[in-house]
Amino acid sequence: MAADEAAVHRPIRAAAAHDRSIAESHRVSEPKKVTFPVEASHIMMFARAIGDTNPVFQDAEAAKKTAAGGIVAPPTFAQAVAQFDPDHPTRPKPGEKWFGSGATPSGVEGEPPSSGGLHAEQHFEYRRPLRPGDVLTATYRVGESWEKESRRAGKLWFTERLIDYHDEDGELVCRARSITVKTERPVDQD
Amino acid sequence: MTAREFKVGDLHEEVLVEDLTRTQLVMYSGASGDYNPIHTDELYTREAAGYPGVFAHGMLTMGMTGRAITNLVGAENVRGFGVRFTSQVWPGDTLTAATRVEAVREEDGEHLVDFSVTTTNQKGETVLTGTATAVAAG
């Protein structure tokens, strides 16, 4: 996205309080929850994917000798909850039409050009690092949404989403806030 | 790490990736669970989505940028990390993250270090701006 499409920037705490007030005023039904295990092999694959060779992410013996005391997950790993979300929109599902290419450039007609949306902002707060053996429950909430006009992509539709991650003891360990944007047309490449 | 190791204005630069490959985008899709075809499917991206070709997940750029923070403070000490994605990242890009210590402070008896971070491509365009906070021993 263009730098001039400055999106609203607020601390997570303020956003969460605002979200609670929205939920109360609209009597939103139970938020979606996804429970998933944090596993060493998944952390290893994630570290490889971000090109990080630090042994603290992939070598149990070496990680024990570091200040971390064992394998921990990289800070953005919580986002990989997408793997465990039964209806994550950007994962193809057997028997369902997929908007990516097969015989034709897209298996779905009439979708906007950025069907999956583009990521505008991402914020994490952590109480502690995630470690293999954690079993986390992610609670999803939709925050605000708003529109904007832009030079490079026409109308922009922003959506804020919040995910709280609690461990098996019910402790909040991580809080994530994302802002995604759907665009009226592809972003101009100047 | 200790708070004494950091002082306001400290700069650090780290090359995150040289000549980003499409295969790395495939790896990130597989590891993260974000299979949006705009990151891996050239035919869809060019002909249906209308972009010149596949481009990187914002979260891949954020994940790589995180390395510039975790290499400084230790992954177990990161308490906050937030970014805005300001430009798309393309295969072939070389990305460099620059961090600066913005504050060394105490809150609720803990020593915290605040960083700003900016990631730029080989043309000097900013692709990500953000902040991070880490906890440090006194």
# chains A, B, ... in the order shown; residues from 1 in each chain; ligands from 1

call {"tool": "select_by_dssp", "arguments": {"residues": "stretch 41-186 of chain A", "states": "strand (DSSP E or B)", "output": "MDAnalysis selection string"}}
result
chainID A and resid 118:126 135:150 154:166 172:183

call {"tool": "closest_atom_pairs", "arguments": {"of": "chain B", "to": "chain A", "cutoff": "7 Å", "atoms": "only C-alpha atoms", "output": "CSV"}}
result
residue,atom,partner,partner_atom,distance
B:Gln24,CA,A:Ala49,CA,6.2
B:Met27,CA,A:Ala49,CA,5.1
B:Tyr28,CA,A:Ala49,CA,4.8
B:Ala31,CA,A:Phe46,CA,5.0
B:Ser32,CA,A:Ala80,CA,4.3
B:Gly33,CA,A:Gln83,CA,4.5
B:Asp34,CA,A:Thr90,CA,5.7
B:Tyr35,CA,A:Thr90,CA,5.2
B:Asn36,CA,A:Thr90,CA,4.9
B:Pro37,CA,A:Gly100,CA,5.4
B:Asp41,CA,A:Gly100,CA,6.9
B:Leu43,CA,A:Pro105,CA,5.5
B:Tyr44,CA,A:Pro105,CA,4.6
B:Glu47,CA,A:Pro105,CA,6.1
B:Ala48,CA,A:Pro105,CA,5.9
B:Ala49,CA,A:Pro113,CA,4.3
B:Gly50,CA,A:Pro186,CA,6.0
B:Tyr51,CA,A:Pro186,CA,6.4
B:Gly58,CA,A:His119,CA,6.0
B:Leu60,CA,A:Ile50,CA,6.2
B:Gly63,CA,A:Thr76,CA,5.7
B:Met64,CA,A:Ile50,CA,5.2
B:Gly66,CA,A:Pro75,CA,6.8
B:Arg67,CA,A:Asp52,CA,6.9
B:Ala75,CA,A:Pro74,CA,6.3
B:Glu76,CA,A:Pro129,CA,5.2
B:Arg79,CA,A:Tyr126,CA,4.6
B:Gly80,CA,A:Glu125,CA,4.4
B:Phe81,CA,A:Phe124,CA,5.2
B:Gly82,CA,A:His123,CA,3.8
B:Val83,CA,A:Gln122,CA,5.5
B:Arg84,CA,A:Glu121,CA,4.3
B:Phe85,CA,A:Ala120,CA,5.3
B:Thr86,CA,A:Ala3,CA,4.9
B:Ser87,CA,A:Met1,CA,5.2
B:Gln88,CA,A:Met1,CA,6.7

call {"tool": "closest_atom_pairs", "arguments": {"of": "stretch 39-87 of chain B", "to": "stretch 94-116 of chain B", "cutoff": "8 Å", "atoms": "only C-alpha atoms", "output": "Markdown table"}}
result
| residue | atom | partner | partner_atom | distance |
| --- | --- | --- | --- | --- |
| B:Thr65 | CA | B:Ala97 | CA | 6.1 |
| B:Ala68 | CA | B:Ala97 | CA | 6.5 |
| B:Ile69 | CA | B:Thr99 | CA | 7.6 |

call {"tool": "residues_around", "arguments": {"residues": "A:Lys148", "least_positions_apart": "3", "cutoff": "9 Å", "atoms": "only C-alpha atoms", "output": "number ranges by chain"}}
result
A: 5, 154-158

call {"tool": "write_last_selection", "arguments": {"atoms": "N, CA, C and O atoms", "output": "JSON list (two decimals), in the first residue's frame"}}
result
[["chain", "number", "residue", "atom", "x", "y", "z"],
["A", 5, "GLU", "N", -1.51, 6.21, 2.41],
["A", 5, "GLU", "CA", -2.78, 5.64, 2.89],
["A", 5, "GLU", "C", -2.68, 5.40, 4.39],
["A", 5, "GLU", "O", -2.89, 4.30, 4.87],
["A", 154, "GLY", "N", -7.90, 3.30, -6.00],
["A", 154, "GLY", "CA", -9.33, 3.58, -5.92],
["A", 154, "GLY", "C", -9.83, 3.47, -4.49],
["A", 154, "GLY", "O", -9.12, 3.79, -3.54],
["A", 155, "LYS", "N", -11.07, 2.97, -4.36],
["A", 155, "LYS", "CA", -11.65, 2.88, -3.02],
["A", 155, "LYS", "C", -10.94, 1.78, -2.22],
["A", 155, "LYS", "O", -10.59, 0.72, -2.77],
["A", 156, "LEU", "N", -10.73, 2.06, -0.94],
["A", 156, "LEU", "CA", -10.09, 1.09, -0.05],
["A", 156, "LEU", "C", -11.05, 0.76, 1.07],
["A", 156, "LEU", "O", -11.64, 1.66, 1.66],
["A", 157, "TRP", "N", -11.21, -0.52, 1.35],
["A", 157, "TRP", "CA", -12.06, -0.97, 2.46],
["A", 157, "TRP", "C", -11.15, -1.61, 3.51],
["A", 157, "TRP", "O", -10.56, -2.67, 3.27],
["A", 158, "PHE", "N", -11.04, -0.94, 4.65],
["A", 158, "PHE", "CA", -10.17, -1.45, 5.73],
["A", 158, "PHE", "C", -10.99, -2.24, 6.75],
["A", 158, "PHE", "O", -12.12, -1.86, 7.08]]

call {"tool": "atom_distance", "arguments": {"atom1": "atom CA of B:Val8", "atom2": "atom CA of A:Ala63"}}
result
29.7 Å

call {"tool": "residues_around", "arguments": {"residues": "B:Gly138", "least_positions_apart": "2", "cutoff": "7 Å", "atoms": "only C-alpha atoms", "output": "PyMOL selection string"}}
result
chain B and resi 2-3+111+136

call {"tool": "write_last_selection", "arguments": {"atoms": "C-alpha atoms", "output": "mmCIF file, in the first residue's frame"}}
result
data_model
loop_
_atom_site.group_PDB
_atom_site.id
_atom_site.type_symbol
_atom_site.label_atom_id
_atom_site.label_comp_id
_atom_site.auth_asym_id
_atom_site.auth_seq_id
_atom_site.Cartn_x
_atom_site.Cartn_y
_atom_site.Cartn_z
ATOM 1 C CA THR B 2 20.744 -5.788 30.055
ATOM 2 C CA ALA B 3 19.263 -2.319 29.672
ATOM 3 C CA HIS B 111 13.460 -2.307 32.221
ATOM 4 C CA ALA B 136 15.854 -6.211 29.626
#

call {"tool": "atom_distance", "arguments": {"atom1": "atom CA of B:Asp93", "atom2": "atom CA of B:Glu125"}}
result
10.8 Å

call {"tool": "decode", "arguments": {"residues": "stretch 137-168 of chain A", "atoms": "N, CA and C atoms", "output": "PDB file, in the first residue's frame"}}
result
ATOM      1  N   THR A 137      -5.397 -21.083  22.772  1.00  0.00           N
ATOM      2  CA  THR A 137      -6.722 -20.827  22.211  1.00  0.00           C
ATOM      3  C   THR A 137      -6.745 -19.390  21.706  1.00  0.00           C
ATOM      4  N   ALA A 138      -7.001 -19.276  20.406  1.00  0.00           N
ATOM      5  CA  ALA A 138      -7.087 -17.954  19.774  1.00  0.00           C
ATOM      6  C   ALA A 138      -8.550 -17.544  19.734  1.00  0.00           C
ATOM      7  N   THR A 139      -8.837 -16.356  20.234  1.00  0.00           N
ATOM      8  CA  THR A 139     -10.203 -15.820  20.213  1.00  0.00           C
ATOM      9  C   THR A 139     -10.231 -14.653  19.239  1.00  0.00           C
ATOM     10  N   TYR A 140     -11.094 -14.760  18.221  1.00  0.00           N
ATOM     11  CA  TYR A 140     -11.127 -13.777  17.133  1.00  0.00           C
ATOM     12  C   TYR A 140     -12.224 -12.744  17.382  1.00  0.00           C
ATOM     13  N   ARG A 141     -11.897 -11.517  17.126  1.00  0.00           N
ATOM     14  CA  ARG A 141     -12.920 -10.469  17.145  1.00  0.00           C
ATOM     15  C   ARG A 141     -12.701  -9.545  15.958  1.00  0.00           C
ATOM     16  N   VAL A 142     -13.806  -9.110  15.368  1.00  0.00           N
ATOM     17  CA  VAL A 142     -13.700  -8.120  14.300  1.00  0.00           C
ATOM     18  C   VAL A 142     -13.807  -6.748  14.949  1.00  0.00           C
ATOM     19  N   GLY A 143     -12.883  -5.874  14.608  1.00  0.00           N
ATOM     20  CA  GLY A 143     -12.891  -4.524  15.162  1.00  0.00           C
ATOM     21  C   GLY A 143     -13.638  -3.577  14.234  1.00  0.00           C
ATOM     22  N   GLU A 144     -13.028  -2.441  14.010  1.00  0.00           N
ATOM     23  CA  GLU A 144     -13.675  -1.424  13.184  1.00  0.00           C
ATOM     24  C   GLU A 144     -13.499  -1.722  11.707  1.00  0.00           C
ATOM     25  N   SER A 145     -14.344  -1.121  10.879  1.00  0.00           N
ATOM     26  CA  SER A 145     -14.060  -1.106   9.443  1.00  0.00           C
ATOM     27  C   SER A 145     -14.352   0.302   8.932  1.00  0.00           C
ATOM     28  N   TRP A 146     -13.603   0.682   7.912  1.00  0.00           N
ATOM     29  CA  TRP A 146     -13.766   2.035   7.373  1.00  0.00           C
ATOM     30  C   TRP A 146     -13.312   2.059   5.916  1.00  0.00           C
ATOM     31  N   GLU A 147     -13.720   3.110   5.221  1.00  0.00           N
ATOM     32  CA  GLU A 147     -13.417   3.259   3.791  1.00  0.00           C
ATOM     33  C   GLU A 147     -12.551   4.474   3.563  1.00  0.00           C
ATOM     34  N   LYS A 148     -11.836   4.449   2.462  1.00  0.00           N
ATOM     35  CA  LYS A 148     -11.003   5.590   2.112  1.00  0.00           C
ATOM     36  C   LYS A 148     -10.849   5.632   0.598  1.00  0.00           C
ATOM     37  N   GLU A 149     -10.619   6.812   0.084  1.00  0.00           N
ATOM     38  CA  GLU A 149     -10.373   6.967  -1.351  1.00  0.00           C
ATOM     39  C   GLU A 149      -8.856   7.088  -1.526  1.00  0.00           C
ATOM     40  N   SER A 150      -8.287   6.426  -2.544  1.00  0.00           N
ATOM     41  CA  SER A 150      -6.839   6.554  -2.730  1.00  0.00           C
ATOM     42  C   SER A 150      -6.526   6.823  -4.189  1.00  0.00           C
ATOM     43  N   ARG A 151      -5.370   7.416  -4.404  1.00  0.00           N
ATOM     44  CA  ARG A 151      -4.905   7.738  -5.747  1.00  0.00           C
ATOM     45  C   ARG A 151      -4.514   6.459  -6.490  1.00  0.00           C
ATOM     46  N   ARG A 152      -3.847   5.546  -5.767  1.00  0.00           N
ATOM     47  CA  ARG A 152      -3.202   4.422  -6.444  1.00  0.00           C
ATOM     48  C   ARG A 152      -4.051   3.167  -6.580  1.00  0.00           C
ATOM     49  N   ALA A 153      -5.178   3.089  -5.847  1.00  0.00           N
ATOM     50  CA  ALA A 153      -5.945   1.841  -5.900  1.00  0.00           C
ATOM     51  C   ALA A 153      -7.455   2.065  -5.809  1.00  0.00           C
ATOM     52  N   GLY A 154      -7.897   3.304  -5.999  1.00  0.00           N
ATOM     53  CA  GLY A 154      -9.327   3.581  -5.917  1.00  0.00           C
ATOM     54  C   GLY A 154      -9.826   3.471  -4.491  1.00  0.00           C
ATOM     55  N   LYS A 155     -11.067   2.972  -4.363  1.00  0.00           N
ATOM     56  CA  LYS A 155     -11.649   2.876  -3.020  1.00  0.00           C
ATOM     57  C   LYS A 155     -10.940   1.781  -2.220  1.00  0.00           C
ATOM     58  N   LEU A 156     -10.725   2.060  -0.943  1.00  0.00           N
ATOM     59  CA  LEU A 156     -10.086   1.089  -0.054  1.00  0.00           C
ATOM     60  C   LEU A 156     -11.053   0.760   1.071  1.00  0.00           C
ATOM     61  N   TRP A 157     -11.209  -0.520   1.345  1.00  0.00           N
ATOM     62  CA  TRP A 157     -12.060  -0.969   2.455  1.00  0.00           C
ATOM     63  C   TRP A 157     -11.154  -1.610   3.513  1.00  0.00           C
ATOM     64  N   PHE A 158     -11.043  -0.944   4.654  1.00  0.00           N
ATOM     65  CA  PHE A 158     -10.173  -1.448   5.730  1.00  0.00           C
ATOM     66  C   PHE A 158     -10.992  -2.236   6.754  1.00  0.00           C
ATOM     67  N   THR A 159     -10.411  -3.305   7.262  1.00  0.00           N
ATOM     68  CA  THR A 159     -11.031  -4.076   8.343  1.00  0.00           C
ATOM     69  C   THR A 159      -9.984  -4.370   9.405  1.00  0.00           C
ATOM     70  N   GLU A 160     -10.381  -4.147  10.645  1.00  0.00           N
ATOM     71  CA  GLU A 160      -9.484  -4.429  11.774  1.00  0.00           C
ATOM     72  C   GLU A 160      -9.913  -5.750  12.411  1.00  0.00           C
ATOM     73  N   ARG A 161      -8.943  -6.599  12.716  1.00  0.00           N
ATOM     74  CA  ARG A 161      -9.252  -7.867  13.388  1.00  0.00           C
ATOM     75  C   ARG A 161      -8.341  -8.026  14.597  1.00  0.00           C
ATOM     76  N   LEU A 162      -8.902  -8.584  15.658  1.00  0.00           N
ATOM     77  CA  LEU A 162      -8.118  -8.773  16.885  1.00  0.00           C
ATOM     78  C   LEU A 162      -8.125 -10.252  17.248  1.00  0.00           C
ATOM     79  N   ILE A 163      -6.979 -10.757  17.633  1.00  0.00           N
ATOM     80  CA  ILE A 163      -6.902 -12.144  18.119  1.00  0.00           C
ATOM     81  C   ILE A 163      -6.188 -12.137  19.467  1.00  0.00           C
ATOM     82  N   ASP A 164      -6.836 -12.705  20.477  1.00  0.00           N
ATOM     83  CA  ASP A 164      -6.206 -12.909  21.783  1.00  0.00           C
ATOM     84  C   ASP A 164      -5.815 -14.373  21.898  1.00  0.00           C
ATOM     85  N   TYR A 165      -4.606 -14.626  22.362  1.00  0.00           N
ATOM     86  CA  TYR A 165      -4.118 -15.997  22.530  1.00  0.00           C
ATOM     87  C   TYR A 165      -3.971 -16.283  24.023  1.00  0.00           C
ATOM     88  N   HIS A 166      -4.708 -17.283  24.496  1.00  0.00           N
ATOM     89  CA  HIS A 166      -4.611 -17.697  25.903  1.00  0.00           C
ATOM     90  C   HIS A 166      -3.997 -19.090  25.976  1.00  0.00           C
ATOM     91  N   ASP A 167      -3.219 -19.339  27.044  1.00  0.00           N
ATOM     92  CA  ASP A 167      -2.646 -20.683  27.201  1.00  0.00           C
ATOM     93  C   ASP A 167      -3.611 -21.572  27.980  1.00  0.00           C
ATOM     94  N   GLU A 168      -3.169 -22.796  28.289  1.00  0.00           N
ATOM     95  CA  GLU A 168      -4.068 -23.760  28.943  1.00  0.00           C
ATOM     96  C   GLU A 168      -4.458 -23.340  30.353  1.00  0.00           C
TER      97      GLU A 168
END
